[in-house]
file input-v6.txt (compact mmCIF, N, CA and C atoms)
# COMPACT_ATOMS: atom_id res chain seq x y z
N MET R 1 20.21 -5.15 3.02
CA MET R 1 18.97 -4.43 3.18
C MET R 1 19.04 -3.69 4.52
N SER R 2 18.66 -2.43 4.51
CA SER R 2 18.68 -1.64 5.73
C SER R 2 17.60 -2.11 6.69
N SER R 3 17.75 -1.73 7.94
CA SER R 3 16.73 -2.12 8.91
C SER R 3 15.40 -1.45 8.59
N TYR R 4 15.44 -0.23 8.05
CA TYR R 4 14.20 0.44 7.68
C TYR R 4 13.52 -0.28 6.52
N ALA R 5 14.31 -0.72 5.54
CA ALA R 5 13.74 -1.47 4.41
C ALA R 5 13.11 -2.77 4.91
N SER R 6 13.77 -3.42 5.85
CA SER R 6 13.21 -4.65 6.43
C SER R 6 11.92 -4.37 7.17
N TYR R 7 11.89 -3.26 7.89
CA TYR R 7 10.68 -2.87 8.60
C TYR R 7 9.54 -2.64 7.61
N CYS R 8 9.81 -1.92 6.53
CA CYS R 8 8.78 -1.64 5.52
C CYS R 8 8.28 -2.94 4.90
N GLN R 9 9.20 -3.86 4.63
CA GLN R 9 8.81 -5.15 4.06
C GLN R 9 7.90 -5.92 5.02
N GLY R 10 8.22 -5.87 6.30
CA GLY R 10 7.38 -6.53 7.30
C GLY R 10 5.99 -5.92 7.38
N GLU R 11 5.92 -4.60 7.30
CA GLU R 11 4.62 -3.93 7.32
C GLU R 11 3.80 -4.30 6.07
N ALA R 12 4.46 -4.37 4.92
CA ALA R 12 3.77 -4.74 3.68
C ALA R 12 3.23 -6.17 3.79
N THR R 13 4.01 -7.06 4.38
CA THR R 13 3.58 -8.43 4.57
C THR R 13 2.36 -8.49 5.49
N ASP R 14 2.38 -7.70 6.56
CA ASP R 14 1.25 -7.65 7.48
C ASP R 14 0.00 -7.12 6.78
N CYS R 15 0.17 -6.11 5.93
CA CYS R 15 -0.98 -5.57 5.18
C CYS R 15 -1.56 -6.62 4.24
N ALA R 16 -0.70 -7.40 3.60
CA ALA R 16 -1.18 -8.45 2.70
C ALA R 16 -1.98 -9.50 3.47
N ARG R 17 -1.51 -9.83 4.67
CA ARG R 17 -2.23 -10.79 5.51
C ARG R 17 -3.59 -10.23 5.90
N ARG R 18 -3.62 -8.96 6.27
CA ARG R 18 -4.89 -8.34 6.66
C ARG R 18 -5.84 -8.25 5.46
N ALA R 19 -5.31 -8.02 4.28
CA ALA R 19 -6.16 -7.97 3.08
C ALA R 19 -6.80 -9.33 2.83
N ARG R 20 -6.04 -10.40 3.03
CA ARG R 20 -6.59 -11.75 2.84
C ARG R 20 -7.68 -12.07 3.86
N LEU R 21 -7.54 -11.53 5.07
CA LEU R 21 -8.50 -11.81 6.14
C LEU R 21 -9.70 -10.88 6.14
N ALA R 22 -9.65 -9.85 5.32
CA ALA R 22 -10.73 -8.84 5.31
C ALA R 22 -12.06 -9.48 4.94
N ARG R 23 -13.11 -8.98 5.55
CA ARG R 23 -14.45 -9.50 5.30
C ARG R 23 -15.21 -8.73 4.23
N SER R 24 -14.65 -7.63 3.78
CA SER R 24 -15.31 -6.87 2.72
C SER R 24 -14.29 -6.46 1.67
N PRO R 25 -14.72 -6.29 0.44
CA PRO R 25 -13.81 -5.87 -0.63
C PRO R 25 -13.19 -4.50 -0.35
N GLU R 26 -13.95 -3.63 0.29
CA GLU R 26 -13.45 -2.29 0.58
C GLU R 26 -12.28 -2.33 1.55
N VAL R 27 -12.43 -3.13 2.59
CA VAL R 27 -11.36 -3.25 3.59
C VAL R 27 -10.14 -3.94 2.97
N ALA R 28 -10.38 -4.96 2.17
CA ALA R 28 -9.27 -5.65 1.50
C ALA R 28 -8.52 -4.68 0.59
N THR R 29 -9.24 -3.85 -0.12
CA THR R 29 -8.62 -2.87 -1.01
C THR R 29 -7.78 -1.88 -0.21
N TYR R 30 -8.31 -1.43 0.91
CA TYR R 30 -7.56 -0.51 1.77
C TYR R 30 -6.23 -1.12 2.16
N TRP R 31 -6.24 -2.37 2.65
CA TRP R 31 -5.01 -3.00 3.10
C TRP R 31 -4.05 -3.26 1.95
N ARG R 32 -4.57 -3.62 0.77
CA ARG R 32 -3.69 -3.83 -0.38
C ARG R 32 -2.99 -2.52 -0.76
N CYS R 33 -3.73 -1.43 -0.78
CA CYS R 33 -3.14 -0.13 -1.13
C CYS R 33 -2.10 0.30 -0.10
N LEU R 34 -2.41 0.09 1.16
CA LEU R 34 -1.45 0.43 2.21
C LEU R 34 -0.20 -0.42 2.08
N GLY R 35 -0.38 -1.70 1.76
CA GLY R 35 0.77 -2.58 1.55
C GLY R 35 1.64 -2.11 0.39
N LEU R 36 1.00 -1.64 -0.67
CA LEU R 36 1.77 -1.13 -1.80
C LEU R 36 2.57 0.11 -1.41
N ARG R 37 2.00 0.93 -0.55
CA ARG R 37 2.73 2.11 -0.07
C ARG R 37 3.97 1.69 0.70
N TRP R 38 3.83 0.67 1.55
CA TRP R 38 4.98 0.17 2.29
C TRP R 38 6.04 -0.40 1.35
N LEU R 39 5.60 -1.10 0.30
CA LEU R 39 6.57 -1.64 -0.67
C LEU R 39 7.32 -0.54 -1.39
N ARG R 40 6.62 0.54 -1.72
CA ARG R 40 7.29 1.68 -2.35
C ARG R 40 8.34 2.28 -1.41
N LEU R 41 7.98 2.40 -0.14
CA LEU R 41 8.94 2.92 0.84
C LEU R 41 10.14 1.98 0.97
N GLU R 42 9.88 0.68 0.92
CA GLU R 42 10.98 -0.28 0.98
C GLU R 42 11.92 -0.09 -0.21
N GLU R 43 11.34 0.03 -1.41
CA GLU R 43 12.15 0.25 -2.61
C GLU R 43 12.98 1.52 -2.48
N LEU R 44 12.36 2.56 -1.99
CA LEU R 44 13.06 3.83 -1.82
C LEU R 44 14.18 3.70 -0.80
N ALA R 45 13.91 3.01 0.30
CA ALA R 45 14.93 2.82 1.33
C ALA R 45 16.11 2.02 0.79
N GLN R 46 15.84 1.02 -0.03
CA GLN R 46 16.92 0.23 -0.62
C GLN R 46 17.71 1.06 -1.61
N GLY R 47 17.03 1.88 -2.37
CA GLY R 47 17.70 2.70 -3.38
C GLY R 47 18.55 3.81 -2.80
N THR R 48 18.26 4.21 -1.57
CA THR R 48 19.01 5.29 -0.95
C THR R 48 19.88 4.79 0.20
N GLY R 49 19.97 3.48 0.33
CA GLY R 49 20.75 2.93 1.42
C GLY R 49 20.09 3.15 2.77
N GLY R 50 18.78 3.35 2.78
CA GLY R 50 18.06 3.53 4.02
C GLY R 50 17.95 4.98 4.45
N ALA R 51 18.59 5.88 3.72
CA ALA R 51 18.56 7.30 4.08
C ALA R 51 17.53 8.03 3.22
N LEU R 52 16.29 8.00 3.65
CA LEU R 52 15.23 8.64 2.88
C LEU R 52 15.48 10.14 2.82
N GLY R 53 15.28 10.71 1.65
CA GLY R 53 15.48 12.13 1.48
C GLY R 53 16.89 12.51 1.10
N ASN R 54 17.83 11.54 1.13
CA ASN R 54 19.21 11.80 0.76
C ASN R 54 19.61 11.01 -0.47
N ALA R 55 18.68 10.80 -1.37
CA ALA R 55 18.93 9.99 -2.56
C ALA R 55 19.95 10.69 -3.45
N SER R 56 20.90 9.91 -3.93
CA SER R 56 21.94 10.50 -4.78
C SER R 56 21.41 10.84 -6.17
N ASP R 57 20.31 10.22 -6.56
CA ASP R 57 19.77 10.50 -7.89
C ASP R 57 18.73 11.62 -7.88
N GLY R 58 18.52 12.25 -6.74
CA GLY R 58 17.61 13.39 -6.66
C GLY R 58 16.16 13.01 -6.47
N VAL R 59 15.87 11.73 -6.27
CA VAL R 59 14.49 11.30 -6.06
C VAL R 59 14.15 11.53 -4.60
N GLU R 60 13.04 12.18 -4.35
CA GLU R 60 12.64 12.44 -2.98
C GLU R 60 11.53 11.49 -2.56
N ALA R 61 11.44 11.25 -1.28
CA ALA R 61 10.44 10.32 -0.74
C ALA R 61 9.03 10.74 -1.12
N SER R 62 8.78 12.04 -1.21
CA SER R 62 7.42 12.49 -1.49
C SER R 62 6.96 12.13 -2.89
N SER R 63 7.87 11.78 -3.79
CA SER R 63 7.46 11.42 -5.14
C SER R 63 6.95 9.99 -5.23
N PHE R 64 7.12 9.21 -4.16
CA PHE R 64 6.67 7.83 -4.13
C PHE R 64 5.49 7.71 -3.19
N HIS R 65 4.29 7.96 -3.70
CA HIS R 65 3.11 7.82 -2.87
C HIS R 65 1.90 7.56 -3.75
N PHE R 66 0.93 6.97 -3.14
CA PHE R 66 -0.35 6.81 -3.80
C PHE R 66 -1.23 7.94 -3.30
N SER R 67 -1.92 8.57 -4.17
CA SER R 67 -2.78 9.67 -3.76
C SER R 67 -4.07 9.12 -3.18
N ASP R 68 -4.79 9.99 -2.49
CA ASP R 68 -6.10 9.60 -1.98
C ASP R 68 -7.04 9.27 -3.13
N LEU R 69 -6.81 9.90 -4.28
CA LEU R 69 -7.63 9.60 -5.46
C LEU R 69 -7.45 8.15 -5.89
N ASP R 70 -6.20 7.65 -5.85
CA ASP R 70 -5.96 6.24 -6.19
C ASP R 70 -6.71 5.32 -5.24
N LEU R 71 -6.63 5.62 -3.95
CA LEU R 71 -7.30 4.80 -2.96
C LEU R 71 -8.81 4.87 -3.14
N GLU R 72 -9.32 6.08 -3.41
CA GLU R 72 -10.76 6.23 -3.64
C GLU R 72 -11.22 5.46 -4.87
N ARG R 73 -10.42 5.50 -5.93
CA ARG R 73 -10.76 4.78 -7.17
C ARG R 73 -10.79 3.28 -6.91
N GLU R 74 -9.81 2.76 -6.17
CA GLU R 74 -9.77 1.33 -5.86
C GLU R 74 -10.97 0.94 -5.00
N THR R 75 -11.33 1.78 -4.03
CA THR R 75 -12.45 1.48 -3.16
C THR R 75 -13.76 1.49 -3.95
N THR R 76 -13.92 2.46 -4.83
CA THR R 76 -15.13 2.53 -5.66
C THR R 76 -15.24 1.29 -6.54
N HIS R 77 -14.12 0.86 -7.11
CA HIS R 77 -14.10 -0.34 -7.94
C HIS R 77 -14.50 -1.57 -7.13
N ALA R 78 -13.97 -1.67 -5.91
CA ALA R 78 -14.29 -2.81 -5.05
C ALA R 78 -15.77 -2.81 -4.68
N LYS R 79 -16.32 -1.63 -4.41
CA LYS R 79 -17.74 -1.54 -4.08
C LYS R 79 -18.61 -1.95 -5.26
N ALA R 80 -18.23 -1.53 -6.47
CA ALA R 80 -18.99 -1.90 -7.66
C ALA R 80 -18.97 -3.42 -7.87
N ASN R 81 -17.82 -4.04 -7.65
CA ASN R 81 -17.72 -5.49 -7.77
C ASN R 81 -18.57 -6.18 -6.71
N SER R 82 -18.57 -5.64 -5.51
CA SER R 82 -19.38 -6.21 -4.43
C SER R 82 -20.86 -6.10 -4.75
N ASP R 83 -21.28 -4.95 -5.27
CA ASP R 83 -22.68 -4.76 -5.64
C ASP R 83 -23.08 -5.72 -6.76
N ALA R 84 -22.21 -5.93 -7.71
CA ALA R 84 -22.51 -6.83 -8.83
C ALA R 84 -22.66 -8.27 -8.35
N ARG R 85 -21.85 -8.67 -7.37
CA ARG R 85 -21.94 -10.03 -6.85
C ARG R 85 -23.24 -10.26 -6.08
N SER R 86 -23.79 -9.20 -5.50
CA SER R 86 -24.99 -9.37 -4.69
C SER R 86 -26.27 -9.42 -5.52
N LEU R 87 -26.17 -9.20 -6.82
CA LEU R 87 -27.36 -9.24 -7.68
C LEU R 87 -27.83 -10.65 -7.94

call {"tool": "encode", "arguments": {"input": "input-v6.txt", "output": "structure tokens"}}
result
Amino acid sequence: MSSYASYCQGEATDCARRARLARSPEVATYWRCLGLRWLRLEELAQGTGGALGNASDGVEASSFHFSDLDLERETTHAKANSDARSL
């Protein structure tokens, strides 16, 4: 595993810890989504030998991302669940 892949894995682990410690569903969702982004970067780094953007299969780093729409959808879902619990 490249040092960059290890770094990404460490960041993903930290995000998971922060998600568990979050006091609101919205914050937990944010950290989970960010952790997933780090895991995608780790996968990409492993698949390219740590050289992002130089993938032999033509896959570029920009194709591995979560859009703001995905994050917004997850946050909206978390808010709806939070509102339902407060009833």

call {"tool": "atom_distance", "arguments": {"input": "input-v6.txt", "atom1": "CA of Ala12 in chain R", "atom2": "atom N of Gly35 in chain R"}}
result
5.5 Å

call {"tool": "closest_residue", "arguments": {"input": "input-v6.txt", "among": "R:Cys15, R:Ser2, R:Ala22, R:Gly47", "to": "Leu34 in chain R", "atoms": "all atoms listed in the file"}}
result
R:Cys15

call {"tool": "atom_distance", "arguments": {"input": "input-v6.txt", "atom1": "CA of Leu44 in chain R", "atom2": "CA of Trp31 in chain R"}}
result
19.9 Å

call {"tool": "residues_around", "arguments": {"input": "input-v6.txt", "residues": "Ala19 in chain R", "least_positions_apart": "5", "cutoff": "12 Å", "atoms": "only C-alpha atoms", "output": "PDB file with N, CA and C atoms, in the coordinates of the input"}}
result
ATOM      1  N   ALA R  12       4.460  -4.370   4.920  1.00  0.00           N
ATOM      2  CA  ALA R  12       3.770  -4.740   3.680  1.00  0.00           C
ATOM      3  C   ALA R  12       3.230  -6.170   3.790  1.00  0.00           C
ATOM      4  N   THR R  13       4.010  -7.060   4.380  1.00  0.00           N
ATOM      5  CA  THR R  13       3.580  -8.430   4.570  1.00  0.00           C
ATOM      6  C   THR R  13       2.360  -8.490   5.490  1.00  0.00           C
ATOM      7  N   ASP R  14       2.380  -7.700   6.560  1.00  0.00           N
ATOM      8  CA  ASP R  14       1.250  -7.650   7.480  1.00  0.00           C
ATOM      9  C   ASP R  14       0.000  -7.120   6.780  1.00  0.00           C
ATOM     10  N   SER R  24     -14.650  -7.630   3.780  1.00  0.00           N
ATOM     11  CA  SER R  24     -15.310  -6.870   2.720  1.00  0.00           C
ATOM     12  C   SER R  24     -14.290  -6.460   1.670  1.00  0.00           C
ATOM     13  N   PRO R  25     -14.720  -6.290   0.440  1.00  0.00           N
ATOM     14  CA  PRO R  25     -13.810  -5.870  -0.630  1.00  0.00           C
ATOM     15  C   PRO R  25     -13.190  -4.500  -0.350  1.00  0.00           C
ATOM     16  N   GLU R  26     -13.950  -3.630   0.290  1.00  0.00           N
ATOM     17  CA  GLU R  26     -13.450  -2.290   0.580  1.00  0.00           C
ATOM     18  C   GLU R  26     -12.280  -2.330   1.550  1.00  0.00           C
ATOM     19  N   VAL R  27     -12.430  -3.130   2.590  1.00  0.00           N
ATOM     20  CA  VAL R  27     -11.360  -3.250   3.590  1.00  0.00           C
ATOM     21  C   VAL R  27     -10.140  -3.940   2.970  1.00  0.00           C
ATOM     22  N   ALA R  28     -10.380  -4.960   2.170  1.00  0.00           N
ATOM     23  CA  ALA R  28      -9.270  -5.650   1.500  1.00  0.00           C
ATOM     24  C   ALA R  28      -8.520  -4.680   0.590  1.00  0.00           C
ATOM     25  N   THR R  29      -9.240  -3.850  -0.120  1.00  0.00           N
ATOM     26  CA  THR R  29      -8.620  -2.870  -1.010  1.00  0.00           C
ATOM     27  C   THR R  29      -7.780  -1.880  -0.210  1.00  0.00           C
ATOM     28  N   TYR R  30      -8.310  -1.430   0.910  1.00  0.00           N
ATOM     29  CA  TYR R  30      -7.560  -0.510   1.770  1.00  0.00           C
ATOM     30  C   TYR R  30      -6.230  -1.120   2.160  1.00  0.00           C
ATOM     31  N   TRP R  31      -6.240  -2.370   2.650  1.00  0.00           N
ATOM     32  CA  TRP R  31      -5.010  -3.000   3.100  1.00  0.00           C
ATOM     33  C   TRP R  31      -4.050  -3.260   1.950  1.00  0.00           C
ATOM     34  N   ARG R  32      -4.570  -3.620   0.770  1.00  0.00           N
ATOM     35  CA  ARG R  32      -3.690  -3.830  -0.380  1.00  0.00           C
ATOM     36  C   ARG R  32      -2.990  -2.520  -0.760  1.00  0.00           C
ATOM     37  N   CYS R  33      -3.730  -1.430  -0.780  1.00  0.00           N
ATOM     38  CA  CYS R  33      -3.140  -0.130  -1.130  1.00  0.00           C
ATOM     39  C   CYS R  33      -2.100   0.300  -0.100  1.00  0.00           C
ATOM     40  N   LEU R  34      -2.410   0.090   1.160  1.00  0.00           N
ATOM     41  CA  LEU R  34      -1.450   0.430   2.210  1.00  0.00           C
ATOM     42  C   LEU R  34      -0.200  -0.420   2.080  1.00  0.00           C
ATOM     43  N   GLY R  35      -0.380  -1.700   1.760  1.00  0.00           N
ATOM     44  CA  GLY R  35       0.770  -2.580   1.550  1.00  0.00           C
ATOM     45  C   GLY R  35       1.640  -2.110   0.390  1.00  0.00           C
ATOM     46  N   LEU R  36       1.000  -1.640  -0.670  1.00  0.00           N
ATOM     47  CA  LEU R  36       1.770  -1.130  -1.800  1.00  0.00           C
ATOM     48  C   LEU R  36       2.570   0.110  -1.410  1.00  0.00           C
TER      49      LEU R  36
END

call {"tool": "atom_distance", "arguments": {"input": "input-v6.txt", "atom1": "CA of Ala45 in chain R", "atom2": "CA of Leu21 in chain R"}}
result
28.0 Å

call {"tool": "residues_around", "arguments": {"input": "input-v6.txt", "residues": "Tyr4 in chain R", "least_positions_apart": "3", "cutoff": "8 Å", "atoms": "only C-alpha atoms", "output": "PyMOL selection string"}}
result
chain R and resi 7-8+42+45+50
